[in-house]
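Scroll down for the structure; my scribbles are underneath it.
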Amino acid sequence: MTDRLLELFEQSNGAFLSGEELSERLQISRTAVWKQIERLRQQGYRFEAAPRKGYRLLAKPDIFDLPAFIGKLQTERFGKHVKYYDEVDSTQTVALSLVAEGAPEGTLVLAEHQTAGRGRMGRQWHSPKGKGLWMSMILRPKHIPLSFTPQLTLLVSVALCRAIRAIVPVEAGIKWPNDLLIGGRKAAGILLESSAENESLQHIIAGVGIGVNLEPDDYPPELRNVATSLFIEAGYRIDRVELLCRFLLEWEQLYALYHEQGFAPIKLLWEALSVSLHKPIRCQTAQGLVDGYAEGIDELGALAIRLQDGTIRKMYSGDVEFR
């Protein structure tokens with residue numbers, strides 16, 4: 001039925017089709033027509049609805065060009081093994097099953113749409129079809145203590161920020177610990193889930209969500225004031241293949257640098273791109289709120305906050321708000 005409905009819209013060449021006409025031609029009720037259109041909207045199709053005119057098709061979803069991605073990829077490992085899905089519950093869940101099957105480091109899980117994308121602290125990640133980059137990468141770091149996991153979160157955020165700035169003319173910045181902001185609104189997020197044995201990391205699944213070509217109406221009302229996309233900020237559609245290839249290259253190079261020289265060079269890069277430092281902030285933790293001044297990050301990636309009494313408190317996780 002959806003295929004037949006799309007065929008009618010494509011034959012209309014951008015003209016409006018009334019609900020009554022669609023109902024008659026498809027032999028279904030007008031309510032069923034509306035449900036079919038809503039289903040297509042969830043798949044990334046854009047429609048305009050007008051009283052007494054009906055509906056017209058404005059745009060089709062952007063399908064990720066996997067062959068072009070494979071041809072343009074410049075990395076040695078990252079993304080060389082790619083699992084591409086039209087829809088999954090969560091790329092993190094798929095990647096975890098691949099870890100159990102012995103998937104090599106650099107294996108990438110990429111999905112057009114997530115029905116239950118995961119963010120930090122149990123939040124759901126909004127990931128509509130064909131509008132972003134929703135992915136998870138398998139890492140198998142060698143001889144790295146579990147306590148160093150925050151360093152890798154900051155490493156991924158540096159790679160992502162550098163890639164976005166290289167491809168899109170926007171001033172993206174990193175908010176500790178794992179968000180990328182543009183103009184104060186969130187454009188991307190990172191979630192690292194790890195497994196350790198004898199206090200040494202065995203694997204990490206690094207989840208990354210980038211709002212690439214979302215438009216304002218693609219966001220639910222509760223996110224429209226706090227989230228943004230590269231399309232909204234740049235004013236034009238972004239090539240997802242180009243962005244992903246650049247991101248994976250930045251990530252692989254920084255990951256190699258980290259193994260060679262440790263966290264020090266990553267720390268310098270992170271500080272240069274951060275929007276969190278040298279500002280009064282409020283950090284929501286599992287133990288409660290912490291108000292203070294963001295001084296910097298330490299050698300483990302913890303955020304150092306100077307409290308009102310002058311003491312320094314280090315935060316290893318939490319949600320930061322600017323005051």
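Residue numbers start at 1 in each chain; chains themselves are named A, B, ... in the order of the structure tokens; ligands are numbered from 1 in the order shown.
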
Each segment 190-216 of chain A residue no farther than 12 Å from segment 246-270 of chain A, nearest pair in Å, only C-alpha atoms, as JSON lines:
```
{"residue": "A:Ala206", "atom": "CA", "partner": "A:Trp251", "partner_atom": "CA", "distance": 11.3}
{"residue": "A:Val208", "atom": "CA", "partner": "A:Phe247", "partner_atom": "CA", "distance": 10.7}
{"residue": "A:Ile210", "atom": "CA", "partner": "A:Phe247", "partner_atom": "CA", "distance": 10.9}
```

Just to be explicit: take each residue in the selection above, keep N, CA, C and O atoms, and write the result as a PDB file, in the first residue's frame.
```
ATOM      1  N   ALA A 206      32.003   2.032  20.958  1.00  0.00           N
ATOM      2  CA  ALA A 206      31.863   3.489  20.923  1.00  0.00           C
ATOM      3  C   ALA A 206      30.692   3.858  20.036  1.00  0.00           C
ATOM      4  O   ALA A 206      30.756   3.710  18.815  1.00  0.00           O
ATOM      5  N   VAL A 208      28.185   6.603  18.382  1.00  0.00           N
ATOM      6  CA  VAL A 208      28.222   8.004  17.973  1.00  0.00           C
ATOM      7  C   VAL A 208      26.948   8.321  17.192  1.00  0.00           C
ATOM      8  O   VAL A 208      26.569   7.581  16.286  1.00  0.00           O
ATOM      9  N   ILE A 210      25.187  11.571  15.087  1.00  0.00           N
ATOM     10  CA  ILE A 210      25.409  12.904  14.537  1.00  0.00           C
ATOM     11  C   ILE A 210      24.138  13.362  13.832  1.00  0.00           C
ATOM     12  O   ILE A 210      23.652  12.692  12.915  1.00  0.00           O
TER      13      ILE A 210
END
```

Backbone-only DSSP, strand (DSSP E) members of segment 44-178 of chain A, as JSON, numbers by chain: {"A": [46, 47, 48, 49, 50, 54, 55, 56, 57, 58, 59, 82, 83, 84, 85, 108, 109, 110, 111, 117, 118, 124, 125, 133, 134, 135, 136, 137, 138, 139, 173, 174, 175]}

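In this comparison, which uses only C-alpha atoms, the residue of A:Asn225, A:Gln43, A:Gln74, A:Ser157 approaching His113 of chain A most closely is A:Gln43.
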
Those of segment 88-287 of chain A in DSSP helix (DSSP H, G or I), formatted as JSON, numbers by chain: {"A": [91, 92, 93, 94, 95, 96, 97, 98, 99, 100, 120, 121, 122, 146, 147, 148, 149, 150, 151, 152, 153, 154, 155, 156, 157, 158, 159, 160, 161, 162, 163, 164, 165, 166, 167, 216, 217, 218, 221, 222, 223, 230, 231, 232, 233, 234, 240, 241, 242, 243, 244, 245, 246, 247, 248, 249, 250, 251, 252, 253, 254, 255, 256, 257, 258, 259, 260, 261, 264, 265, 266, 267, 268, 269, 270, 271, 272, 273]}

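Omitting segment 312-318 of chain A and its sequence neighbours fewer than 6 positions away, and counting only C-alpha atoms, the residues within 8 Å are Pro150, Pro177, Cys283, Gln284, Thr285, Ala286, Gly301, Ala302, Leu303, Ala304, Ile305 and Arg306 of chain A.
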
Atom-to-atom span, atom CA of Asp89 of chain A and atom CA of Ala116 of chain A, Å: 4.7 Å

Residue with smallest distance to Glu105 of chain A - pool A:Gly296, A:Ala59, A:Lys175, A:Ile205, counting only C-alpha atoms: A:Ile205

Taking only residues of segment 231-292 of chain A that have an atom at most 10 Å from an atom of segment 184-200 of chain A, what is each one's shortest atom pair and its distance in Å to one decimal, using only C-alpha atoms, in chain and number order, as JSON lines?
```
{"residue": "A:Ile232", "atom": "CA", "partner": "A:Ala187", "partner_atom": "CA", "distance": 9.9}
{"residue": "A:Glu233", "atom": "CA", "partner": "A:Ala187", "partner_atom": "CA", "distance": 9.5}
{"residue": "A:Val275", "atom": "CA", "partner": "A:Gly184", "partner_atom": "CA", "distance": 9.0}
```

Shortest interatomic distance to His126 of chain A - which of A:Leu214, A:Ile174, A:Ile138, A:Leu243, counting only C-alpha atoms: A:Leu214

Polymer residues at most 12 Å from segment 28-30 of chain A, only C-alpha atoms, same-chain spacing of 4 or more positions, as a PyMOL selection string: chain A and resi 1-2+4-5+18-24+34-37+54-55

Write the selection just made, keeping all heavy atoms, as a tab-separated table (two decimals), in the first residue's frame?
```tsv
chain	number	residue	atom	x	y	z
A	1	MET	N	0.83	-1.20	0.00
A	1	MET	CA	0.00	0.00	0.00
A	1	MET	C	0.87	1.26	0.00
A	1	MET	O	0.58	2.23	-0.73
A	1	MET	CB	-0.93	0.00	1.22
A	1	MET	CG	-1.90	1.14	1.25
A	1	MET	SD	-3.04	1.11	-0.17
A	1	MET	CE	-3.99	-0.36	0.21
A	2	THR	N	1.94	1.27	0.79
A	2	THR	CA	2.82	2.45	0.81
A	2	THR	C	3.51	2.63	-0.55
A	2	THR	O	3.71	3.76	-0.99
A	2	THR	CB	3.88	2.33	1.93
A	2	THR	OG1	4.56	1.08	1.79
A	2	THR	CG2	3.24	2.41	3.30
A	4	ARG	N	2.27	1.83	-3.47
A	4	ARG	CA	1.26	2.37	-4.37
A	4	ARG	C	1.02	3.85	-4.08
A	4	ARG	O	0.87	4.67	-5.00
A	4	ARG	CB	-0.05	1.58	-4.22
A	4	ARG	CG	-1.20	2.09	-5.06
A	4	ARG	CD	-0.91	2.01	-6.53
A	4	ARG	NE	-2.04	2.52	-7.33
A	4	ARG	CZ	-1.92	3.19	-8.45
A	4	ARG	NH1	-0.72	3.46	-8.92
A	4	ARG	NH2	-2.98	3.59	-9.11
A	5	LEU	N	1.01	4.21	-2.80
A	5	LEU	CA	0.82	5.60	-2.41
A	5	LEU	C	1.97	6.46	-2.93
A	5	LEU	O	1.75	7.56	-3.49
A	5	LEU	CB	0.72	5.70	-0.88
A	5	LEU	CG	0.49	7.10	-0.29
A	5	LEU	CD1	-0.81	7.69	-0.79
A	5	LEU	CD2	0.50	7.02	1.23
A	18	SER	N	-5.66	15.27	-2.95
A	18	SER	CA	-6.59	15.36	-1.83
A	18	SER	C	-6.74	14.01	-1.14
A	18	SER	O	-6.52	12.95	-1.75
A	18	SER	CB	-7.96	15.84	-2.30
A	18	SER	OG	-8.58	14.84	-3.09
A	19	GLY	N	-7.13	14.07	0.11
A	19	GLY	CA	-7.38	12.84	0.85
A	19	GLY	C	-8.48	12.02	0.22
A	19	GLY	O	-8.43	10.79	0.18
A	20	GLU	N	-9.48	12.72	-0.32
A	20	GLU	CA	-10.60	12.03	-0.98
A	20	GLU	C	-10.12	11.28	-2.23
A	20	GLU	O	-10.49	10.12	-2.46
A	20	GLU	CB	-11.69	13.03	-1.34
A	20	GLU	CG	-12.90	12.40	-1.99
A	20	GLU	CD	-13.98	13.41	-2.30
A	20	GLU	OE1	-13.76	14.61	-2.03
A	20	GLU	OE2	-15.04	13.01	-2.83
A	21	GLU	N	-9.28	11.94	-3.03
A	21	GLU	CA	-8.78	11.30	-4.25
A	21	GLU	C	-7.92	10.09	-3.93
A	21	GLU	O	-8.05	9.03	-4.55
A	21	GLU	CB	-7.98	12.32	-5.06
A	21	GLU	CG	-7.40	11.73	-6.35
A	21	GLU	CD	-6.57	12.74	-7.13
A	21	GLU	OE1	-6.48	13.92	-6.68
A	21	GLU	OE2	-5.99	12.36	-8.16
A	22	LEU	N	-7.06	10.25	-2.94
A	22	LEU	CA	-6.19	9.13	-2.55
A	22	LEU	C	-7.03	7.97	-2.01
A	22	LEU	O	-6.74	6.81	-2.29
A	22	LEU	CB	-5.18	9.60	-1.50
A	22	LEU	CG	-4.11	10.57	-1.99
A	22	LEU	CD1	-3.32	11.13	-0.82
A	22	LEU	CD2	-3.16	9.87	-2.97
A	23	SER	N	-8.06	8.31	-1.25
A	23	SER	CA	-8.93	7.29	-0.69
A	23	SER	C	-9.61	6.48	-1.79
A	23	SER	O	-9.68	5.24	-1.74
A	23	SER	CB	-9.97	7.93	0.22
A	23	SER	OG	-10.92	6.98	0.66
A	24	GLU	N	-10.10	7.18	-2.81
A	24	GLU	CA	-10.80	6.50	-3.90
A	24	GLU	C	-9.86	5.64	-4.73
A	24	GLU	O	-10.19	4.50	-5.10
A	24	GLU	CB	-11.48	7.55	-4.79
A	24	GLU	CG	-12.66	8.26	-4.13
A	24	GLU	CD	-13.24	9.33	-5.02
A	24	GLU	OE1	-12.68	9.56	-6.12
A	24	GLU	OE2	-14.25	9.95	-4.62
A	34	TRP	N	-4.19	8.76	5.88
A	34	TRP	CA	-3.39	9.54	6.83
A	34	TRP	C	-2.38	8.66	7.55
A	34	TRP	O	-1.21	9.04	7.72
A	34	TRP	CB	-4.32	10.21	7.83
A	34	TRP	CG	-3.59	10.98	8.89
A	34	TRP	CD1	-3.09	12.25	8.80
A	34	TRP	CD2	-3.25	10.51	10.20
A	34	TRP	NE1	-2.46	12.60	9.97
A	34	TRP	CE2	-2.54	11.55	10.85
A	34	TRP	CE3	-3.47	9.32	10.89
A	34	TRP	CZ2	-2.06	11.44	12.14
A	34	TRP	CZ3	-2.98	9.19	12.19
A	34	TRP	CH2	-2.30	10.24	12.80
A	35	LYS	N	-2.79	7.46	7.95
A	35	LYS	CA	-1.88	6.55	8.65
A	35	LYS	C	-0.72	6.13	7.74
A	35	LYS	O	0.44	6.02	8.19
A	35	LYS	CB	-2.64	5.32	9.15
A	35	LYS	CG	-3.58	5.61	10.31
A	35	LYS	CD	-4.27	4.33	10.79
A	35	LYS	CE	-5.17	4.62	11.98
A	35	LYS	NZ	-5.90	3.39	12.44
A	36	GLN	N	-1.01	5.89	6.46
A	36	GLN	CA	0.05	5.53	5.52
A	36	GLN	C	1.04	6.68	5.34
A	36	GLN	O	2.26	6.45	5.27
A	36	GLN	CB	-0.55	5.13	4.17
A	36	GLN	CG	-1.36	3.84	4.19
A	36	GLN	CD	-0.48	2.62	4.44
A	36	GLN	OE1	0.71	2.62	4.18
A	36	GLN	NE2	-1.09	1.56	4.95
A	37	ILE	N	0.54	7.89	5.28
A	37	ILE	CA	1.42	9.05	5.12
A	37	ILE	C	2.27	9.23	6.38
A	37	ILE	O	3.48	9.53	6.28
A	37	ILE	CB	0.59	10.31	4.81
A	37	ILE	CG1	0.05	10.22	3.38
A	37	ILE	CG2	1.42	11.58	4.99
A	37	ILE	CD1	-0.87	11.34	2.98
A	54	GLY	N	-5.04	18.90	0.39
A	54	GLY	CA	-4.56	17.54	0.61
A	54	GLY	C	-3.08	17.49	0.92
A	54	GLY	O	-2.57	18.29	1.71
A	55	TYR	N	-2.38	16.58	0.28
A	55	TYR	CA	-0.97	16.35	0.58
A	55	TYR	C	-0.14	16.43	-0.71
A	55	TYR	O	-0.63	16.12	-1.80
A	55	TYR	CB	-0.75	14.95	1.17
A	55	TYR	CG	-1.62	14.62	2.35
A	55	TYR	CD1	-2.85	13.98	2.18
A	55	TYR	CD2	-1.22	14.92	3.65
A	55	TYR	CE1	-3.65	13.66	3.26
A	55	TYR	CE2	-2.01	14.60	4.73
A	55	TYR	CZ	-3.23	13.97	4.54
A	55	TYR	OH	-4.02	13.64	5.61
```
